[in-house]
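With mmCIF, C-alpha atoms (C1' of nucleotides) inside, this is structure_24.cif:
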data_model
loop_
_atom_site.label_atom_id
_atom_site.label_comp_id
_atom_site.auth_asym_id
_atom_site.auth_seq_id
_atom_site.Cartn_x
_atom_site.Cartn_y
_atom_site.Cartn_z
CA MET A 276 0.00 0.00 0.00
CA LYS A 277 1.16 3.48 -0.86
CA THR A 278 1.52 5.81 2.07
CA PHE A 279 -0.55 8.93 2.41
CA GLY A 280 2.46 11.09 1.74
CA TYR A 281 3.58 9.21 -1.33
CA ARG A 282 0.13 9.42 -2.86
CA LEU A 283 -0.19 13.09 -2.01
CA ARG A 284 3.06 13.79 -3.80
CA GLU A 285 1.88 11.87 -6.84
CA LEU A 286 -1.33 13.85 -6.99
CA ARG A 287 0.43 17.17 -6.56
CA ARG A 288 3.02 16.38 -9.24
CA ALA A 289 0.26 15.28 -11.58
CA LYS A 290 -1.10 18.81 -11.31
CA ASP A 291 2.43 20.13 -11.71
CA ILE A 292 2.38 22.63 -8.92
CA SER A 293 4.85 23.34 -6.14
CA GLN A 294 4.37 22.58 -2.47
CA ARG A 295 4.21 26.32 -1.83
CA GLU A 296 1.47 26.86 -4.37
CA LEU A 297 -0.61 23.98 -3.09
CA ALA A 298 -0.09 25.07 0.49
CA GLU A 299 -1.20 28.59 -0.20
CA LYS A 300 -4.35 27.51 -1.98
CA VAL A 301 -5.19 25.03 0.74
CA GLY A 302 -4.39 27.53 3.46
CA VAL A 303 -1.56 25.81 5.30
CA ASP A 304 2.17 26.34 5.64
CA PHE A 305 4.21 24.93 2.78
CA SER A 306 6.53 23.13 5.16
CA TYR A 307 3.54 21.20 6.35
CA ILE A 308 2.97 19.82 2.86
CA SER A 309 6.59 18.78 2.72
CA LYS A 310 6.35 16.83 5.93
CA LEU A 311 3.14 15.20 4.86
CA GLU A 312 4.67 14.08 1.59
CA ASN A 313 7.57 12.54 3.46
CA ASP A 314 5.30 10.99 6.07
CA ARG A 315 7.06 12.92 8.78
CA LEU A 316 3.77 13.99 10.28
CA PRO A 317 0.48 12.16 10.59
CA PRO A 318 -2.08 12.98 7.88
CA PRO A 319 -4.02 16.24 8.32
CA ALA A 320 -7.57 16.65 9.55
CA ALA A 321 -10.16 15.06 7.28
CA ASP A 322 -11.53 18.45 6.36
CA THR A 323 -8.08 19.61 5.29
CA ILE A 324 -7.75 16.52 3.13
CA LEU A 325 -10.99 17.53 1.44
CA ARG A 326 -9.58 20.97 0.66
CA ILE A 327 -6.39 19.43 -0.70
CA CYS A 328 -8.33 17.07 -2.95
CA LYS A 329 -10.44 19.91 -4.24
CA ILE A 330 -7.35 21.84 -5.32
CA LEU A 331 -5.79 18.74 -6.82
CA GLU A 332 -9.08 17.77 -8.46
CA ALA A 333 -8.88 14.28 -7.02
CA SER A 334 -11.45 12.10 -5.33
CA PRO A 335 -11.02 12.33 -1.56
CA ASP A 336 -11.91 8.68 -0.97
CA GLU A 337 -8.45 7.34 -1.56
CA LEU A 338 -6.56 9.75 0.63
CA LEU A 339 -9.20 9.65 3.33
CA ALA A 340 -9.16 5.87 3.38
CA ALA A 341 -5.38 5.95 3.72
CA THR A 342 -5.83 7.83 6.98
CA GLY A 343 -8.90 6.16 8.45
CA LYS A 344 -10.42 9.56 9.16
CA MET A 345 -13.86 10.82 8.34
CA PRO A 346 -14.96 14.30 7.29
CA THR A 347 -16.90 16.35 9.81
CA HIS A 348 -20.10 16.37 7.81
CA SER A 349 -20.04 12.60 7.36
CA LYS A 350 -19.51 12.06 11.06
CA GLU A 351 -22.34 14.41 11.83
CA MET A 352 -24.73 12.77 9.45
CA LEU A 353 -24.00 9.31 10.80
CA GLY A 354 -23.52 10.36 14.37
CA THR A 355 -26.78 12.20 14.88
CA SER A 356 -29.07 9.48 13.58
CA ALA A 357 -29.78 6.51 15.82
CA ALA A 358 -30.94 4.49 12.83
CA ALA A 359 -27.70 5.23 11.02
CA GLN A 360 -25.74 4.16 14.10
CA GLN A 361 -27.60 0.91 14.07
CA PHE A 362 -26.80 0.43 10.42
CA VAL A 363 -23.15 1.07 11.09
CA ARG A 364 -23.05 -1.42 13.94
CA GLN A 365 -24.68 -4.05 11.78
CA ALA A 366 -22.18 -3.37 9.00
CA HIS A 367 -19.39 -3.64 11.51
CA GLU A 368 -20.60 -7.01 12.73
CA MET A 369 -20.76 -8.29 9.18
CA ASP A 370 -17.34 -6.93 8.31
CA LEU A 371 -18.32 -6.03 4.77
CA SER A 372 -15.98 -6.42 1.82
CA GLU A 373 -15.33 -3.63 -0.64
CA ASP A 374 -17.57 -5.38 -3.14
CA GLU A 375 -20.41 -5.60 -0.67
CA TRP A 376 -20.06 -1.91 0.08
CA GLY A 377 -20.22 -1.30 -3.65
CA ALA A 378 -23.40 -3.35 -3.92
CA LEU A 379 -24.95 -1.38 -1.07
CA THR A 380 -24.08 1.89 -2.73
CA LYS A 381 -25.83 0.72 -5.89
CA ARG A 382 -28.79 -0.32 -3.84
CA LEU A 383 -28.80 3.07 -2.22
CA ARG A 384 -28.96 4.84 -5.54
CA ARG A 385 -31.98 2.79 -6.52
CA LEU A 386 -33.70 3.40 -3.22
CA ARG A 387 -35.65 6.33 -4.53
CA SER A 388 -36.01 5.44 -8.20
CA MET B 128 -35.15 16.68 22.74
CA LYS B 129 -33.68 15.52 26.02
CA THR B 130 -30.16 16.57 26.67
CA PHE B 131 -27.36 14.07 27.01
CA GLY B 132 -27.06 14.80 30.71
CA TYR B 133 -30.77 14.47 31.41
CA ARG B 134 -30.95 11.12 29.66
CA LEU B 135 -27.81 9.88 31.41
CA ARG B 136 -29.35 10.69 34.77
CA GLU B 137 -32.51 8.84 33.81
CA LEU B 138 -30.59 5.76 32.84
CA ARG B 139 -28.46 5.81 35.97
CA ARG B 140 -31.46 6.25 38.24
CA ALA B 141 -33.25 3.44 36.46
CA LYS B 142 -30.41 1.21 37.59
CA ASP B 143 -30.61 2.79 41.01
CA ILE B 144 -26.94 3.40 41.53
CA SER B 145 -25.05 6.47 42.72
CA GLN B 146 -22.84 8.71 40.62
CA ARG B 147 -19.89 7.43 42.61
CA GLU B 148 -20.66 3.81 41.88
CA LEU B 149 -21.21 4.40 38.20
CA ALA B 150 -18.06 6.48 37.97
CA GLU B 151 -15.93 3.83 39.62
CA LYS B 152 -17.19 1.09 37.35
CA VAL B 153 -16.72 3.22 34.28
CA GLY B 154 -13.31 4.37 35.41
CA VAL B 155 -13.79 8.12 35.69
CA ASP B 156 -14.06 10.61 38.53
CA PHE B 157 -17.50 10.83 40.11
CA SER B 158 -17.56 14.59 39.80
CA TYR B 159 -17.30 14.11 36.08
CA ILE B 160 -20.56 12.18 36.06
CA SER B 161 -22.20 14.96 38.01
CA LYS B 162 -21.13 17.57 35.52
CA LEU B 163 -22.27 15.44 32.63
CA GLU B 164 -25.69 14.96 34.15
CA ASN B 165 -26.05 18.69 34.59
CA ASP B 166 -24.71 19.39 31.10
CA ARG B 167 -21.89 21.42 32.58
CA LEU B 168 -19.34 19.66 30.41
CA PRO B 169 -19.60 18.41 26.84
CA PRO B 170 -20.41 14.70 26.50
CA PRO B 171 -17.51 12.29 26.99
CA ALA B 172 -15.56 10.48 24.29
CA ALA B 173 -17.63 8.00 22.31
CA ASP B 174 -15.71 5.10 23.77
CA THR B 175 -16.48 6.30 27.29
CA ILE B 176 -20.16 6.49 26.37
CA LEU B 177 -19.95 2.86 25.32
CA ARG B 178 -18.52 1.89 28.72
CA ILE B 179 -21.23 3.86 30.49
CA CYS B 180 -23.96 2.16 28.48
CA LYS B 181 -22.51 -1.23 29.21
CA ILE B 182 -22.66 -0.60 32.94
CA LEU B 183 -26.18 0.81 32.65
CA GLU B 184 -27.24 -1.99 30.32
CA ALA B 185 -28.59 0.47 27.80
CA SER B 186 -28.25 0.66 24.06
CA PRO B 187 -25.55 3.17 23.16
CA ASP B 188 -27.36 4.45 20.07
CA GLU B 189 -29.47 6.97 21.87
CA LEU B 190 -26.72 8.58 23.92
CA LEU B 191 -24.28 8.48 21.04
CA ALA B 192 -26.80 10.10 18.72
CA ALA B 193 -27.35 12.83 21.31
CA THR B 194 -23.69 13.75 20.95
CA GLY B 195 -23.07 13.22 17.26
CA LYS B 196 -19.94 11.22 18.03
CA MET B 197 -18.92 7.87 16.66
CA PRO B 198 -17.09 5.04 18.43
CA THR B 199 -13.50 4.44 17.43
CA HIS B 200 -14.14 1.04 15.92
CA SER B 201 -16.98 2.37 13.75
CA LYS B 202 -14.85 5.20 12.50
CA GLU B 203 -12.07 2.81 11.70
CA MET B 204 -14.28 0.42 9.83
CA LEU B 205 -15.80 3.17 7.71
CA GLY B 206 -12.71 5.27 7.45
CA THR B 207 -10.33 2.65 6.11
CA SER B 208 -12.52 1.47 3.26
CA ALA B 209 -12.72 3.61 0.16
CA ALA B 210 -15.92 1.84 -0.88
CA ALA B 211 -17.48 2.57 2.49
CA GLN B 212 -16.47 6.22 2.17
CA GLN B 213 -18.20 6.34 -1.16
CA PHE B 214 -21.29 4.82 0.37
CA VAL B 215 -21.26 7.38 3.12
CA ARG B 216 -20.92 10.25 0.69
CA GLN B 217 -23.80 8.94 -1.35
CA ALA B 218 -25.91 8.60 1.78
CA HIS B 219 -24.99 12.13 2.75
CA GLU B 220 -26.05 13.48 -0.61
CA MET B 221 -29.37 11.70 -0.32
CA ASP B 222 -29.92 12.89 3.23
CA LEU B 223 -31.61 9.66 4.31
CA SER B 224 -34.50 9.56 6.73
CA GLU B 225 -34.56 7.30 9.74
CA ASP B 226 -36.95 5.00 7.92
CA GLU B 227 -34.66 4.74 4.95
CA TRP B 228 -31.77 3.88 7.21
CA GLY B 229 -33.96 1.21 8.74
CA ALA B 230 -34.74 -0.20 5.30
CA LEU B 231 -31.06 -0.30 4.46
CA THR B 232 -30.27 -2.13 7.67
CA LYS B 233 -32.86 -4.75 6.77
CA ARG B 234 -31.39 -5.00 3.31
CA LEU B 235 -27.98 -5.42 4.88
CA ARG B 236 -29.13 -8.36 6.98
CA ARG B 237 -30.44 -10.10 3.89
CA LEU B 238 -27.29 -9.45 1.94
CA ARG B 239 -25.82 -12.80 2.81
CA SER B 240 -28.91 -14.90 3.22
"C1'" DT C 130 -26.10 16.33 66.54
"C1'" DC C 131 -23.08 14.49 63.77
"C1'" DC C 132 -21.85 11.46 60.30
"C1'" DG C 133 -21.82 8.73 56.14
"C1'" DG C 134 -23.52 8.77 51.65
"C1'" DT C 135 -24.75 11.60 47.92
"C1'" DG C 136 -24.41 15.37 44.61
"C1'" DT C 137 -22.28 20.02 42.99
"C1'" DT C 138 -18.76 23.34 41.75
"C1'" DG C 139 -14.37 25.82 40.51
"C1'" DA C 140 -9.90 25.49 39.28
"C1'" DC C 141 -6.69 23.13 37.25
"C1'" DT C 142 -4.10 19.61 34.13
"C1'" DA C 143 -2.44 16.13 30.78
"C1'" DT C 144 -2.67 14.63 26.11
"C1'" DT C 145 -3.60 14.91 21.49
"C1'" DT C 146 -4.32 17.29 17.27
"C1'" DA C 147 -3.09 20.09 13.80
"C1'" DC C 148 -0.55 22.67 12.55
"C1'" DT C 149 3.33 27.33 12.17
"C1'" DC C 150 7.87 29.65 12.00
"C1'" DA C 151 12.62 30.15 11.18
"C1'" DA C 152 16.46 28.28 9.27
"C1'" DC C 153 18.86 25.75 6.11
"C1'" DA C 154 19.82 22.75 1.70
"C1'" DT C 155 19.71 21.94 -3.17
"C1'" DG C 156 19.44 22.53 -8.00
"C1'" DC C 157 19.20 25.62 -12.14
"C1'" DG C 158 19.37 29.51 -15.09
"C1'" DC C 159 22.00 33.42 -16.02
"C1'" DG D 152 28.90 32.34 -8.07
"C1'" DC D 153 24.47 34.93 -7.45
"C1'" DG D 154 19.67 34.82 -7.04
"C1'" DC D 155 15.54 32.50 -6.90
"C1'" DA D 156 12.37 28.75 -6.75
"C1'" DT D 157 11.81 24.64 -4.52
"C1'" DG D 158 12.01 21.26 -0.89
"C1'" DT D 159 13.49 19.70 4.07
"C1'" DT D 160 14.00 19.86 9.08
"C1'" DG D 161 13.73 21.00 14.21
"C1'" DA D 162 11.55 23.36 17.47
"C1'" DG D 163 7.68 25.32 19.11
"C1'" DT D 164 2.61 26.42 19.75
"C1'" DA D 165 -2.59 27.25 19.95
"C1'" DA D 166 -6.75 25.11 20.62
"C1'" DA D 167 -9.51 21.35 21.63
"C1'" DT D 168 -10.43 17.11 24.21
"C1'" DA D 169 -11.20 14.59 28.11
"C1'" DG D 170 -10.95 14.53 31.94
"C1'" DT D 171 -8.94 15.10 37.67
"C1'" DC D 172 -8.71 16.97 42.43
"C1'" DA D 173 -10.11 19.38 46.42
"C1'" DA D 174 -13.60 21.58 48.69
"C1'" DC D 175 -18.05 22.27 49.93
"C1'" DA D 176 -23.44 21.58 50.48
"C1'" DC D 177 -27.28 18.83 51.55
"C1'" DC D 178 -30.04 15.22 53.63
"C1'" DG D 179 -31.67 11.10 56.28
"C1'" DG D 180 -30.91 8.01 59.86
"C1'" DA D 181 -28.57 6.50 64.49
#
Let's see the structure in the file written out as structure tokens.
Amino acid sequence: MKTFGYRLRELRRAKDISQRELAEKVGVDFSYISKLENDRLPPPAADTILRICKILEASPDELLAATGKMPTHSKEMLGTSAAAQQFVRQAHEMDLSEDEWGALTKRLRRLRS
Amino acid sequence: MKTFGYRLRELRRAKDISQRELAEKVGVDFSYISKLENDRLPPPAADTILRICKILEASPDELLAATGKMPTHSKEMLGTSAAAQQFVRQAHEMDLSEDEWGALTKRLRRLRS
DNA sequence: TCCGGTGTTGACTATTTACTCAACATGCGC
DNA sequence: GCGCATGTTGAGTAAATAGTCAACACCGGA
């Protein structure tokens, strides 16, 4: 598995911008980006990852999954609903595979069709 | 809506134990329980809520939902899977109702039948 | 009446999180 | 061989999180 930092560097280089430019647009210090890319610091807050991905025009799923963190709004949505909590516990018990999660997402899309 | 503290007090009294006894079993200071019950401090960490609910033999969903927090193991399960993240984002976009979450949980149970 | 059990309050603290700031290194064009 | 853009590193920090500790107040029974 690629580290968070390695993948971040790949994404930034793909956009061909410097650490300083990315940092400024994201709103953090450029030295922070450097340390992240070298895995010298733990990954940033989930919300910061979202901002980074927006600038780099990348899907946040990959980088977020590499950190195990969840964005604030996701936590809120899941956290404030008892029914959602129940769902999550059930999913945890079943230890779903990636494919099963995919199937559920499909199912979800059809839920209102 | 009942506050976290109010509901905690209800649950503790239902078990008919003192703040001190609950606190000792949970592993926190008894004055902490007092402040929680009077909503003088923000709710504890999600994992502490789980311990409290275990002692009080109550389902954690209600108290957890009152705080908007998620247990560590739930966050890990969801956070480390890109497919799960995608699911969560989709769910967020759709802004599911409690009933819809319930339907999904049912669906989940049948997923392997 | 005083004492043990209970609850409340204010002040303080330890840890973690999420970074910043200042300084230095390195490569490249000119 | 200077200047400038870029990247790296060590030390430090601001805010949030999750509580603790000591002191006091109240009440019912012996």
Would you write out, as number ranges by chain, every residue that the PyMOL selection byres ((chain D) within 9 of (chain B)) captures in this file? D: 168-171
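Interface residues of chain B facing chain A, defined by any atom at most 6 Å away and using only C-alpha atoms, are Asp188, Ala192, Gly195, Lys196, Met197, Glu203, Gly206, Thr207, Ser208, Ala209, Ala210, Ala211, Phe214, Glu225, Trp228 and Thr232 of chain B.
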Within 12 Å of DC177 in chain D, counting all atoms listed in the file, which residues qualify if same-chain residues fewer than 2 places away don't, as a list in words? DG134, DT135, DG136 and DT137 of chain C; DC175 and DG179 of chain D
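Cα RMSD between chain B and chain A, computed after least-squares fitting of the latter onto the former across all residues in order: 0.1 Å.
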Name the residues captured by the PyMOL selection byres ((chain D and resi 156) around 12) when it is applied to the shown file; answer as a VMD selection string. (chain A and resid 292 to 296) or (chain C and resid 155 to 158) or (chain D and resid 154 to 155 157 to 158)
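Minimum atom-to-atom distances from C:DC150, C:DG133, C:DT138, C:DT144 to DT160 in chain D were compared using all atoms listed in the file, and the lowest value belongs to C:DC150.
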Interface residues on chain C facing chain A, 10 Å, only C-alpha atoms (C1' of nucleotides), written as a ChimeraX atom specification: /C:146-150
Identify, on the basis of only C-alpha atoms (C1' of nucleotides), every residue whose closest approach to DA140 in chain C does not exceed 12 Å; exclude the query and any residue fewer than 3 positions from it along the same chain; express the result as a ChimeraX atom specification. /D:171-174
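Here CA of Asp174 in chain B is placed at a distance of 6.7 Å from CA of Thr199 in chain B.
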If you measure from CA of Ile179 in chain B to CA of Val153 in chain B, what distance in Å do you get, rounded to one decimal? 5.9 Å
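Going from CA of Cys328 in chain A over to CA of Arg287 in chain A, you cover 9.5 Å.
A distance cut-off of 12 Å around (-27.8, 15.1, 67.7), counting only C-alpha atoms (C1' of nucleotides), selects these protein and nucleic acid residues: DT130, DC131 and DC132 of chain C; DG180 and DA181 of chain D.
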Go ahead and write the selection's residues with C-alpha atoms (C1' of nucleotides) as a tab-separated table (two decimals), keeping the file's coordinate frame.
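Result saved to result.tsv:
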chain	number	residue	atom	x	y	z
C	130	DT	C1'	-26.10	16.33	66.54
C	131	DC	C1'	-23.08	14.49	63.77
C	132	DC	C1'	-21.85	11.46	60.30
D	180	DG	C1'	-30.91	8.01	59.86
D	181	DA	C1'	-28.57	6.50	64.49
Where atoms are lacking, range 182-217 of chain B completed to N, CA and C atoms, as a PDB file, in the frame of the given file:
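What ended up in part21.pdb:
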ATOM      1  N   ILE B 182     -22.360  -0.531  31.512  1.00  0.00           N
ATOM      2  CA  ILE B 182     -22.660  -0.600  32.940  1.00  0.00           C
ATOM      3  C   ILE B 182     -24.162  -0.421  33.182  1.00  0.00           C
ATOM      4  N   LEU B 183     -24.759   0.516  32.451  1.00  0.00           N
ATOM      5  CA  LEU B 183     -26.180   0.810  32.650  1.00  0.00           C
ATOM      6  C   LEU B 183     -27.081  -0.119  31.847  1.00  0.00           C
ATOM      7  N   GLU B 184     -26.480  -1.031  31.144  1.00  0.00           N
ATOM      8  CA  GLU B 184     -27.240  -1.990  30.320  1.00  0.00           C
ATOM      9  C   GLU B 184     -28.228  -1.292  29.402  1.00  0.00           C
ATOM     10  N   ALA B 185     -27.739  -0.273  28.740  1.00  0.00           N
ATOM     11  CA  ALA B 185     -28.590   0.470  27.800  1.00  0.00           C
ATOM     12  C   ALA B 185     -27.962   0.419  26.415  1.00  0.00           C
ATOM     13  N   SER B 186     -28.789   0.590  25.405  1.00  0.00           N
ATOM     14  CA  SER B 186     -28.250   0.660  24.060  1.00  0.00           C
ATOM     15  C   SER B 186     -27.504   1.981  23.882  1.00  0.00           C
ATOM     16  N   PRO B 187     -26.337   1.939  23.301  1.00  0.00           N
ATOM     17  CA  PRO B 187     -25.550   3.170  23.160  1.00  0.00           C
ATOM     18  C   PRO B 187     -26.083   4.114  22.081  1.00  0.00           C
ATOM     19  N   ASP B 188     -26.938   3.625  21.205  1.00  0.00           N
ATOM     20  CA  ASP B 188     -27.360   4.450  20.070  1.00  0.00           C
ATOM     21  C   ASP B 188     -27.928   5.788  20.480  1.00  0.00           C
ATOM     22  N   GLU B 189     -28.781   5.745  21.476  1.00  0.00           N
ATOM     23  CA  GLU B 189     -29.470   6.970  21.870  1.00  0.00           C
ATOM     24  C   GLU B 189     -28.499   8.022  22.400  1.00  0.00           C
ATOM     25  N   LEU B 190     -27.662   7.623  23.356  1.00  0.00           N
ATOM     26  CA  LEU B 190     -26.720   8.580  23.920  1.00  0.00           C
ATOM     27  C   LEU B 190     -25.694   9.031  22.891  1.00  0.00           C
ATOM     28  N   LEU B 191     -25.237   8.102  22.091  1.00  0.00           N
ATOM     29  CA  LEU B 191     -24.280   8.480  21.040  1.00  0.00           C
ATOM     30  C   LEU B 191     -24.903   9.484  20.083  1.00  0.00           C
ATOM     31  N   ALA B 192     -26.136   9.216  19.675  1.00  0.00           N
ATOM     32  CA  ALA B 192     -26.800  10.100  18.720  1.00  0.00           C
ATOM     33  C   ALA B 192     -26.991  11.495  19.324  1.00  0.00           C
ATOM     34  N   ALA B 193     -27.179  11.539  20.641  1.00  0.00           N
ATOM     35  CA  ALA B 193     -27.350  12.830  21.310  1.00  0.00           C
ATOM     36  C   ALA B 193     -26.070  13.669  21.245  1.00  0.00           C
ATOM     37  N   THR B 194     -24.957  13.024  20.962  1.00  0.00           N
ATOM     38  CA  THR B 194     -23.690  13.750  20.950  1.00  0.00           C
ATOM     39  C   THR B 194     -23.138  13.946  19.557  1.00  0.00           C
ATOM     40  N   GLY B 195     -23.606  13.138  18.603  1.00  0.00           N
ATOM     41  CA  GLY B 195     -23.070  13.220  17.260  1.00  0.00           C
ATOM     42  C   GLY B 195     -21.702  12.602  17.113  1.00  0.00           C
ATOM     43  N   LYS B 196     -21.267  11.841  18.112  1.00  0.00           N
ATOM     44  CA  LYS B 196     -19.940  11.220  18.030  1.00  0.00           C
ATOM     45  C   LYS B 196     -20.050   9.768  17.575  1.00  0.00           C
ATOM     46  N   MET B 197     -18.932   9.267  17.092  1.00  0.00           N
ATOM     47  CA  MET B 197     -18.920   7.870  16.660  1.00  0.00           C
ATOM     48  C   MET B 197     -17.815   7.107  17.377  1.00  0.00           C
ATOM     49  N   PRO B 198     -18.103   5.869  17.770  1.00  0.00           N
ATOM     50  CA  PRO B 198     -17.090   5.040  18.430  1.00  0.00           C
ATOM     51  C   PRO B 198     -15.883   4.819  17.526  1.00  0.00           C
ATOM     52  N   THR B 199     -14.749   4.644  18.156  1.00  0.00           N
ATOM     53  CA  THR B 199     -13.500   4.440  17.430  1.00  0.00           C
ATOM     54  C   THR B 199     -13.596   3.313  16.415  1.00  0.00           C
ATOM     55  N   HIS B 200     -14.149   2.173  16.836  1.00  0.00           N
ATOM     56  CA  HIS B 200     -14.140   1.040  15.920  1.00  0.00           C
ATOM     57  C   HIS B 200     -15.049   1.270  14.717  1.00  0.00           C
ATOM     58  N   SER B 201     -16.124   2.039  14.893  1.00  0.00           N
ATOM     59  CA  SER B 201     -16.980   2.370  13.750  1.00  0.00           C
ATOM     60  C   SER B 201     -16.243   3.280  12.779  1.00  0.00           C
ATOM     61  N   LYS B 202     -15.584   4.280  13.358  1.00  0.00           N
ATOM     62  CA  LYS B 202     -14.850   5.200  12.500  1.00  0.00           C
ATOM     63  C   LYS B 202     -13.788   4.474  11.713  1.00  0.00           C
ATOM     64  N   GLU B 203     -13.118   3.543  12.385  1.00  0.00           N
ATOM     65  CA  GLU B 203     -12.070   2.810  11.700  1.00  0.00           C
ATOM     66  C   GLU B 203     -12.624   1.969  10.556  1.00  0.00           C
ATOM     67  N   MET B 204     -13.700   1.282  10.856  1.00  0.00           N
ATOM     68  CA  MET B 204     -14.280   0.420   9.830  1.00  0.00           C
ATOM     69  C   MET B 204     -14.661   1.248   8.603  1.00  0.00           C
ATOM     70  N   LEU B 205     -15.350   2.352   8.831  1.00  0.00           N
ATOM     71  CA  LEU B 205     -15.800   3.170   7.710  1.00  0.00           C
ATOM     72  C   LEU B 205     -14.655   3.925   7.077  1.00  0.00           C
ATOM     73  N   GLY B 206     -13.758   4.390   7.934  1.00  0.00           N
ATOM     74  CA  GLY B 206     -12.710   5.270   7.450  1.00  0.00           C
ATOM     75  C   GLY B 206     -11.681   4.576   6.583  1.00  0.00           C
ATOM     76  N   THR B 207     -11.427   3.307   6.830  1.00  0.00           N
ATOM     77  CA  THR B 207     -10.330   2.650   6.110  1.00  0.00           C
ATOM     78  C   THR B 207     -10.774   1.989   4.818  1.00  0.00           C
ATOM     79  N   SER B 208     -12.043   2.060   4.514  1.00  0.00           N
ATOM     80  CA  SER B 208     -12.520   1.470   3.260  1.00  0.00           C
ATOM     81  C   SER B 208     -12.979   2.552   2.301  1.00  0.00           C
ATOM     82  N   ALA B 209     -12.345   2.591   1.145  1.00  0.00           N
ATOM     83  CA  ALA B 209     -12.720   3.610   0.160  1.00  0.00           C
ATOM     84  C   ALA B 209     -14.161   3.389  -0.297  1.00  0.00           C
ATOM     85  N   ALA B 210     -14.552   2.130  -0.433  1.00  0.00           N
ATOM     86  CA  ALA B 210     -15.920   1.840  -0.880  1.00  0.00           C
ATOM     87  C   ALA B 210     -16.930   2.296   0.169  1.00  0.00           C
ATOM     88  N   ALA B 211     -16.588   2.115   1.429  1.00  0.00           N
ATOM     89  CA  ALA B 211     -17.480   2.570   2.490  1.00  0.00           C
ATOM     90  C   ALA B 211     -17.579   4.096   2.477  1.00  0.00           C
ATOM     91  N   GLN B 212     -16.455   4.763   2.254  1.00  0.00           N
ATOM     92  CA  GLN B 212     -16.470   6.220   2.170  1.00  0.00           C
ATOM     93  C   GLN B 212     -17.407   6.692   1.066  1.00  0.00           C
ATOM     94  N   GLN B 213     -17.344   5.978  -0.042  1.00  0.00           N
ATOM     95  CA  GLN B 213     -18.200   6.340  -1.160  1.00  0.00           C
ATOM     96  C   GLN B 213     -19.669   6.167  -0.770  1.00  0.00           C
ATOM     97  N   PHE B 214     -19.929   5.055  -0.117  1.00  0.00           N
ATOM     98  CA  PHE B 214     -21.290   4.820   0.370  1.00  0.00           C
ATOM     99  C   PHE B 214     -21.749   5.966   1.258  1.00  0.00           C
ATOM    100  N   VAL B 215     -20.899   6.334   2.166  1.00  0.00           N
ATOM    101  CA  VAL B 215     -21.260   7.380   3.120  1.00  0.00           C
ATOM    102  C   VAL B 215     -21.527   8.708   2.411  1.00  0.00           C
ATOM    103  N   ARG B 216     -20.690   8.998   1.428  1.00  0.00           N
ATOM    104  CA  ARG B 216     -20.920  10.250   0.690  1.00  0.00           C
ATOM    105  C   ARG B 216     -22.244  10.239  -0.039  1.00  0.00           C
ATOM    106  N   GLN B 217     -22.526   9.083  -0.652  1.00  0.00           N
ATOM    107  CA  GLN B 217     -23.800   8.940  -1.350  1.00  0.00           C
ATOM    108  C   GLN B 217     -24.962   9.134  -0.372  1.00  0.00           C
TER     109      GLN B 217
END
